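Next comes entry03.txt, with compact mmCIF, N, CA and C atoms.
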```
# COMPACT_ATOMS: atom_id res chain seq x y z
N MET A 1 -120.17 127.64 -76.84
CA MET A 1 -121.46 127.08 -77.16
C MET A 1 -122.53 127.88 -76.45
N SER A 2 -123.54 128.36 -77.21
CA SER A 2 -124.58 129.18 -76.61
C SER A 2 -125.64 128.29 -75.97
N ALA A 3 -126.58 128.91 -75.28
CA ALA A 3 -127.62 128.18 -74.56
C ALA A 3 -128.61 127.50 -75.52
N THR A 4 -128.67 127.97 -76.76
CA THR A 4 -129.64 127.39 -77.69
C THR A 4 -129.05 126.26 -78.54
N ASP A 5 -127.76 126.04 -78.49
CA ASP A 5 -127.15 124.96 -79.25
C ASP A 5 -127.44 123.62 -78.59
N VAL A 6 -127.72 122.63 -79.39
CA VAL A 6 -128.01 121.29 -78.89
C VAL A 6 -127.00 120.34 -79.52
N LYS A 7 -126.44 119.51 -78.70
CA LYS A 7 -125.48 118.53 -79.19
C LYS A 7 -126.08 117.14 -79.01
N LEU A 8 -126.21 116.45 -80.11
CA LEU A 8 -126.75 115.09 -80.06
C LEU A 8 -125.62 114.11 -80.30
N ASP A 9 -125.56 113.13 -79.45
CA ASP A 9 -124.52 112.13 -79.59
C ASP A 9 -125.12 110.74 -79.42
N GLU A 10 -126.24 110.53 -80.07
CA GLU A 10 -126.85 109.21 -80.00
C GLU A 10 -127.07 108.71 -81.42
N LYS A 11 -127.04 107.42 -81.56
CA LYS A 11 -127.22 106.82 -82.88
C LYS A 11 -128.58 106.18 -82.93
N ILE A 12 -129.21 106.35 -84.04
CA ILE A 12 -130.53 105.77 -84.24
C ILE A 12 -130.35 104.46 -85.00
N LYS A 13 -130.88 103.41 -84.41
CA LYS A 13 -130.79 102.11 -85.05
C LYS A 13 -132.10 101.85 -85.78
N GLN A 14 -131.96 101.47 -87.03
CA GLN A 14 -133.14 101.15 -87.82
C GLN A 14 -133.14 99.65 -88.11
N LYS A 15 -134.28 99.07 -87.89
CA LYS A 15 -134.43 97.67 -88.21
C LYS A 15 -135.25 97.58 -89.49
N VAL A 16 -134.63 97.07 -90.53
CA VAL A 16 -135.29 96.97 -91.82
C VAL A 16 -135.63 95.50 -92.05
N GLU A 17 -136.91 95.26 -92.29
CA GLU A 17 -137.36 93.90 -92.54
C GLU A 17 -137.84 93.76 -93.98
N GLU A 18 -137.68 92.59 -94.51
CA GLU A 18 -138.22 92.29 -95.83
C GLU A 18 -139.75 92.31 -95.72
N PRO A 19 -140.44 92.77 -96.74
CA PRO A 19 -141.91 92.76 -96.68
C PRO A 19 -142.41 91.32 -96.64
N HIS A 20 -143.53 91.13 -95.97
CA HIS A 20 -144.13 89.80 -95.89
C HIS A 20 -144.61 89.38 -97.27
N ARG A 21 -144.60 88.09 -97.50
CA ARG A 21 -145.07 87.53 -98.76
C ARG A 21 -146.45 86.93 -98.53
N TRP A 22 -147.27 86.95 -99.58
CA TRP A 22 -148.65 86.47 -99.50
C TRP A 22 -148.89 85.42 -100.57
N LYS A 23 -149.55 84.33 -100.16
CA LYS A 23 -149.91 83.27 -101.08
C LYS A 23 -151.31 83.57 -101.65
N VAL A 24 -151.44 83.41 -102.94
CA VAL A 24 -152.76 83.50 -103.59
C VAL A 24 -153.20 82.06 -103.81
N ILE A 25 -154.33 81.70 -103.19
CA ILE A 25 -154.79 80.32 -103.18
C ILE A 25 -156.14 80.21 -103.91
N LEU A 26 -156.21 79.29 -104.85
CA LEU A 26 -157.45 79.01 -105.55
C LEU A 26 -158.12 77.81 -104.89
N LEU A 27 -159.44 77.91 -104.68
CA LEU A 27 -160.19 76.86 -104.01
C LEU A 27 -161.03 76.08 -105.02
N ASN A 28 -161.19 74.80 -104.77
CA ASN A 28 -161.96 73.93 -105.65
C ASN A 28 -163.46 74.21 -105.53
N ASP A 29 -164.15 74.09 -106.65
CA ASP A 29 -165.61 74.12 -106.64
C ASP A 29 -166.09 73.18 -107.74
N ASP A 30 -167.37 72.92 -107.77
CA ASP A 30 -167.92 71.95 -108.73
C ASP A 30 -168.42 72.60 -110.02
N HIS A 31 -168.21 73.89 -110.19
CA HIS A 31 -168.79 74.59 -111.34
C HIS A 31 -167.77 75.22 -112.28
N THR A 32 -166.62 75.59 -111.78
CA THR A 32 -165.61 76.25 -112.62
C THR A 32 -164.86 75.19 -113.43
N PRO A 33 -164.87 75.29 -114.77
CA PRO A 33 -164.20 74.28 -115.61
C PRO A 33 -162.68 74.29 -115.43
N VAL A 34 -162.11 73.11 -115.60
CA VAL A 34 -160.66 72.93 -115.48
C VAL A 34 -159.93 73.83 -116.47
N ASP A 35 -160.42 73.89 -117.70
CA ASP A 35 -159.75 74.72 -118.72
C ASP A 35 -159.75 76.19 -118.35
N PHE A 36 -160.80 76.65 -117.70
CA PHE A 36 -160.86 78.05 -117.27
C PHE A 36 -159.80 78.32 -116.19
N VAL A 37 -159.66 77.40 -115.24
CA VAL A 37 -158.67 77.56 -114.17
C VAL A 37 -157.26 77.55 -114.77
N ILE A 38 -157.02 76.65 -115.70
CA ILE A 38 -155.71 76.62 -116.37
C ILE A 38 -155.46 77.95 -117.08
N GLY A 39 -156.49 78.49 -117.71
CA GLY A 39 -156.36 79.78 -118.39
C GLY A 39 -156.00 80.91 -117.42
N ILE A 40 -156.63 80.93 -116.27
CA ILE A 40 -156.32 81.95 -115.25
C ILE A 40 -154.87 81.80 -114.79
N LEU A 41 -154.46 80.56 -114.56
CA LEU A 41 -153.09 80.33 -114.08
C LEU A 41 -152.04 80.73 -115.12
N THR A 42 -152.35 80.56 -116.39
CA THR A 42 -151.38 80.93 -117.42
C THR A 42 -151.43 82.42 -117.75
N GLU A 43 -152.63 82.99 -117.79
CA GLU A 43 -152.76 84.40 -118.18
C GLU A 43 -152.43 85.37 -117.05
N ILE A 44 -152.98 85.15 -115.88
CA ILE A 44 -152.82 86.10 -114.79
C ILE A 44 -151.59 85.80 -113.95
N PHE A 45 -151.37 84.50 -113.68
CA PHE A 45 -150.27 84.13 -112.79
C PHE A 45 -149.01 83.71 -113.53
N LYS A 46 -149.07 83.73 -114.87
CA LYS A 46 -147.91 83.51 -115.75
C LYS A 46 -147.24 82.15 -115.58
N HIS A 47 -148.04 81.11 -115.33
CA HIS A 47 -147.50 79.76 -115.26
C HIS A 47 -147.43 79.19 -116.67
N SER A 48 -146.54 78.21 -116.85
CA SER A 48 -146.53 77.48 -118.12
C SER A 48 -147.77 76.58 -118.16
N GLN A 49 -148.07 76.08 -119.33
CA GLN A 49 -149.23 75.20 -119.49
C GLN A 49 -149.09 73.96 -118.59
N GLU A 50 -147.89 73.41 -118.53
CA GLU A 50 -147.65 72.20 -117.72
C GLU A 50 -147.84 72.48 -116.23
N THR A 51 -147.25 73.56 -115.75
CA THR A 51 -147.38 73.92 -114.34
C THR A 51 -148.82 74.22 -113.99
N ALA A 52 -149.51 74.93 -114.87
CA ALA A 52 -150.92 75.28 -114.64
C ALA A 52 -151.77 74.02 -114.52
N LYS A 53 -151.51 73.03 -115.37
CA LYS A 53 -152.25 71.77 -115.29
C LYS A 53 -152.00 71.07 -113.96
N GLY A 54 -150.75 71.08 -113.51
CA GLY A 54 -150.41 70.45 -112.23
C GLY A 54 -151.11 71.13 -111.06
N ILE A 55 -151.10 72.45 -111.05
CA ILE A 55 -151.76 73.20 -109.97
C ILE A 55 -153.26 72.96 -110.01
N THR A 56 -153.83 72.93 -111.21
CA THR A 56 -155.27 72.69 -111.36
C THR A 56 -155.64 71.31 -110.83
N MET A 57 -154.82 70.30 -111.11
CA MET A 57 -155.10 68.95 -110.58
C MET A 57 -154.98 68.93 -109.06
N GLN A 58 -154.03 69.68 -108.52
CA GLN A 58 -153.90 69.79 -107.06
C GLN A 58 -155.15 70.44 -106.46
N ILE A 59 -155.64 71.48 -107.09
CA ILE A 59 -156.86 72.15 -106.62
C ILE A 59 -158.01 71.15 -106.64
N HIS A 60 -158.11 70.39 -107.71
CA HIS A 60 -159.21 69.43 -107.87
C HIS A 60 -159.13 68.29 -106.84
N THR A 61 -157.94 67.77 -106.60
CA THR A 61 -157.81 66.60 -105.72
C THR A 61 -157.68 66.97 -104.24
N GLU A 62 -157.00 68.08 -103.95
CA GLU A 62 -156.74 68.44 -102.55
C GLU A 62 -157.65 69.56 -102.03
N GLY A 63 -158.39 70.20 -102.92
CA GLY A 63 -159.31 71.25 -102.50
C GLY A 63 -158.79 72.66 -102.65
N SER A 64 -157.48 72.81 -102.81
CA SER A 64 -156.90 74.14 -103.01
C SER A 64 -155.50 74.00 -103.59
N GLY A 65 -155.02 75.09 -104.16
CA GLY A 65 -153.67 75.12 -104.71
C GLY A 65 -153.15 76.54 -104.74
N ILE A 66 -151.85 76.67 -104.58
CA ILE A 66 -151.22 77.99 -104.55
C ILE A 66 -150.92 78.43 -105.99
N ALA A 67 -151.51 79.55 -106.37
CA ALA A 67 -151.29 80.10 -107.70
C ALA A 67 -149.98 80.87 -107.76
N GLY A 68 -149.57 81.45 -106.61
CA GLY A 68 -148.32 82.20 -106.58
C GLY A 68 -148.11 82.85 -105.22
N VAL A 69 -146.89 83.33 -105.01
CA VAL A 69 -146.52 84.01 -103.76
C VAL A 69 -145.92 85.35 -104.14
N TYR A 70 -146.48 86.42 -103.59
CA TYR A 70 -146.11 87.77 -104.01
C TYR A 70 -146.11 88.71 -102.80
N SER A 71 -145.68 89.95 -103.06
CA SER A 71 -145.88 91.00 -102.05
C SER A 71 -147.38 91.23 -101.94
N PHE A 72 -147.83 91.86 -100.87
CA PHE A 72 -149.26 92.02 -100.63
C PHE A 72 -149.97 92.70 -101.79
N GLU A 73 -149.40 93.78 -102.28
CA GLU A 73 -150.06 94.57 -103.32
C GLU A 73 -150.23 93.77 -104.61
N ILE A 74 -149.20 93.06 -105.00
CA ILE A 74 -149.26 92.27 -106.23
C ILE A 74 -150.23 91.11 -106.06
N ALA A 75 -150.19 90.44 -104.90
CA ALA A 75 -151.10 89.33 -104.63
C ALA A 75 -152.55 89.81 -104.69
N GLU A 76 -152.80 90.97 -104.10
CA GLU A 76 -154.16 91.50 -104.09
C GLU A 76 -154.66 91.82 -105.50
N VAL A 77 -153.81 92.44 -106.30
CA VAL A 77 -154.20 92.78 -107.68
C VAL A 77 -154.50 91.52 -108.48
N LYS A 78 -153.64 90.51 -108.36
CA LYS A 78 -153.84 89.27 -109.11
C LYS A 78 -155.10 88.54 -108.63
N ALA A 79 -155.34 88.52 -107.32
CA ALA A 79 -156.54 87.86 -106.78
C ALA A 79 -157.81 88.56 -107.26
N VAL A 80 -157.81 89.88 -107.25
CA VAL A 80 -158.98 90.64 -107.71
C VAL A 80 -159.18 90.44 -109.22
N GLU A 81 -158.11 90.48 -109.97
CA GLU A 81 -158.20 90.29 -111.42
C GLU A 81 -158.77 88.90 -111.75
N ALA A 82 -158.28 87.87 -111.07
CA ALA A 82 -158.77 86.51 -111.32
C ALA A 82 -160.23 86.37 -110.89
N THR A 83 -160.59 86.96 -109.76
CA THR A 83 -161.98 86.90 -109.29
C THR A 83 -162.91 87.60 -110.27
N ASN A 84 -162.52 88.78 -110.74
CA ASN A 84 -163.34 89.52 -111.71
C ASN A 84 -163.51 88.74 -113.01
N LEU A 85 -162.44 88.10 -113.46
CA LEU A 85 -162.52 87.31 -114.69
C LEU A 85 -163.47 86.12 -114.50
N ALA A 86 -163.38 85.47 -113.35
CA ALA A 86 -164.27 84.33 -113.07
C ALA A 86 -165.73 84.79 -113.01
N ARG A 87 -166.00 85.86 -112.28
CA ARG A 87 -167.38 86.36 -112.16
C ARG A 87 -167.91 86.83 -113.50
N GLY A 88 -167.06 87.47 -114.29
CA GLY A 88 -167.46 87.94 -115.61
C GLY A 88 -167.85 86.81 -116.54
N ASN A 89 -167.31 85.62 -116.27
CA ASN A 89 -167.64 84.44 -117.07
C ASN A 89 -168.67 83.55 -116.39
N GLY A 90 -169.20 84.01 -115.25
CA GLY A 90 -170.26 83.28 -114.57
C GLY A 90 -169.80 82.12 -113.71
N PHE A 91 -168.52 82.13 -113.29
CA PHE A 91 -168.00 81.03 -112.47
C PHE A 91 -167.79 81.49 -111.02
N PRO A 92 -168.07 80.58 -110.06
CA PRO A 92 -167.96 80.95 -108.64
C PRO A 92 -166.58 80.69 -108.03
N LEU A 93 -165.53 80.67 -108.84
CA LEU A 93 -164.18 80.38 -108.35
C LEU A 93 -163.85 81.26 -107.14
N GLN A 94 -163.43 80.62 -106.07
CA GLN A 94 -163.06 81.35 -104.85
C GLN A 94 -161.54 81.47 -104.78
N ILE A 95 -161.08 82.65 -104.41
CA ILE A 95 -159.64 82.91 -104.29
C ILE A 95 -159.41 83.59 -102.95
N LYS A 96 -158.40 83.12 -102.23
CA LYS A 96 -158.07 83.75 -100.96
C LYS A 96 -156.57 84.03 -100.90
N MET A 97 -156.22 84.88 -99.95
CA MET A 97 -154.82 85.22 -99.74
C MET A 97 -154.46 84.86 -98.30
N GLU A 98 -153.26 84.32 -98.13
CA GLU A 98 -152.75 84.00 -96.79
C GLU A 98 -151.32 84.49 -96.69
N GLU A 99 -150.98 85.00 -95.54
CA GLU A 99 -149.60 85.44 -95.32
C GLU A 99 -148.72 84.21 -95.24
N GLU A 100 -147.57 84.28 -95.88
CA GLU A 100 -146.64 83.14 -95.89
C GLU A 100 -145.91 83.03 -94.58
```
What is this structure when it is put down as C-alpha cells?
Amino acid sequence: MSATDVKLDEKIKQKVEEPHRWKVILLNDDHTPVDFVIGILTEIFKHSQETAKGITMQIHTEGSGIAGVYSFEIAEVKAVEATNLARGNGFPLQIKMEEE
C-alpha cells in the first residue's frame, strides 16, 4: 500500500424520513357563497359533492374546514389555485396551510 492510498472502513448511516404533510384549510367568511366553496372543493380538491357539502357546512359552523392533506408542494399549488379562483370571482375566501 502506497502513501497516497486511503482505506475507509466506516459506514455512513442515512436517516430517511417521510416528507411532512400539510393541511389546506378554508376559513369562513360572510361573503363567499356556499355553492362557490362546494365548487372549489369538488374541482380543485377532488371531493365528491356529498363530502364537499359536509366540509362546507363545517367551515360555516366551526369557522374552518380541512380541504385536504398533501405534500407541501401540492398543498401550496392547490391553495394558490383556489385563492386565485376566489379572487377572480370577487370573493375574499381565505385559505391557509398548516403542517400536520
message: Let's see if you can do this: from backbone DSSP, list all strand (DSSP E or B) residues in chain A, as number ranges by chain.
response: A: 21-27, 64-71, 94-99
Please tabulate, as a Markdown table, the residues of stretch 6-57 of chain A that come within 7 Å of stretch 70-84 of chain A, each with its closest pair of atoms and the distance in Å to one decimal, counting only C-alpha atoms and ordering rows by chain, then residue number upward.
```
| residue | atom | partner | partner_atom | distance |
| --- | --- | --- | --- | --- |
| A:Pro19 | CA | A:Ser71 | CA | 6.9 |
| A:His20 | CA | A:Ser71 | CA | 6.5 |
| A:Arg21 | CA | A:Ser71 | CA | 4.8 |
| A:Trp22 | CA | A:Tyr70 | CA | 5.3 |
| A:Lys23 | CA | A:Tyr70 | CA | 6.6 |
| A:Val24 | CA | A:Ala75 | CA | 6.2 |
| A:Ile40 | CA | A:Ala82 | CA | 6.5 |
| A:Ile44 | CA | A:Lys78 | CA | 6.6 |
```
field: Interatomic distance, atom N of A:Pro33 to atom C of A:Glu98 (Å, one decimal)
entry: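 According to the coordinates, atom N of A:Pro33 and atom C of A:Glu98 are separated by 24.4 Å.
Distances here use only C-alpha atoms; by that measure, the residue among A:Glu18, A:Glu10, A:Asp30, A:Glu100 closest to A:Ile59 is A:Asp30.
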Residue contacts of A:Gly63 (7 Å, only N, CA and C atoms) excluding same-chain residues fewer than 5 positions away, as a ChimeraX atom specification: /A:26-29,58
message: Just list as number ranges by chain whatever in chain A DSSP marks as alpha helix (DSSP H).
response: A: 34-43, 49-62, 72-88
Distance of atom CA of A:Glu50 from atom CA of A:Val34, expressed in Å to one decimal place: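 Rounded to one decimal, the two atoms are 13.2 Å apart.
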query: Given the choices A:Thr4, A:Glu62, A:Leu85, A:Val16, which gets closest to A:Leu41 if the distance is worked out from only C-alpha atoms?
result: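 Looking only at the distances to A:Leu41, the closest residue turns out to be A:Leu85.
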message: I'd like the interatomic distance between atom CA of A:Ala86 and atom CA of A:Gly39, to a tenth of an Å.
response: 10.6 Å
Please give the centre and size of the box around stretch 75-79 of chain A (axis-aligned, containing every atom listed in the file, 5 Å added per side), with values in Å to one decimal and written as JSON.
```
{"center_x": -154.0, "center_y": 90.3, "center_z": -106.6, "size_x": 17.6, "size_y": 14.9, "size_z": 15.0}
```
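When only N, CA and C atoms are used to compute distances to A:Gly54, the closest of the residues A:Gly68, A:Lys11, A:Pro92, A:Ile38 turns out to be A:Ile38.
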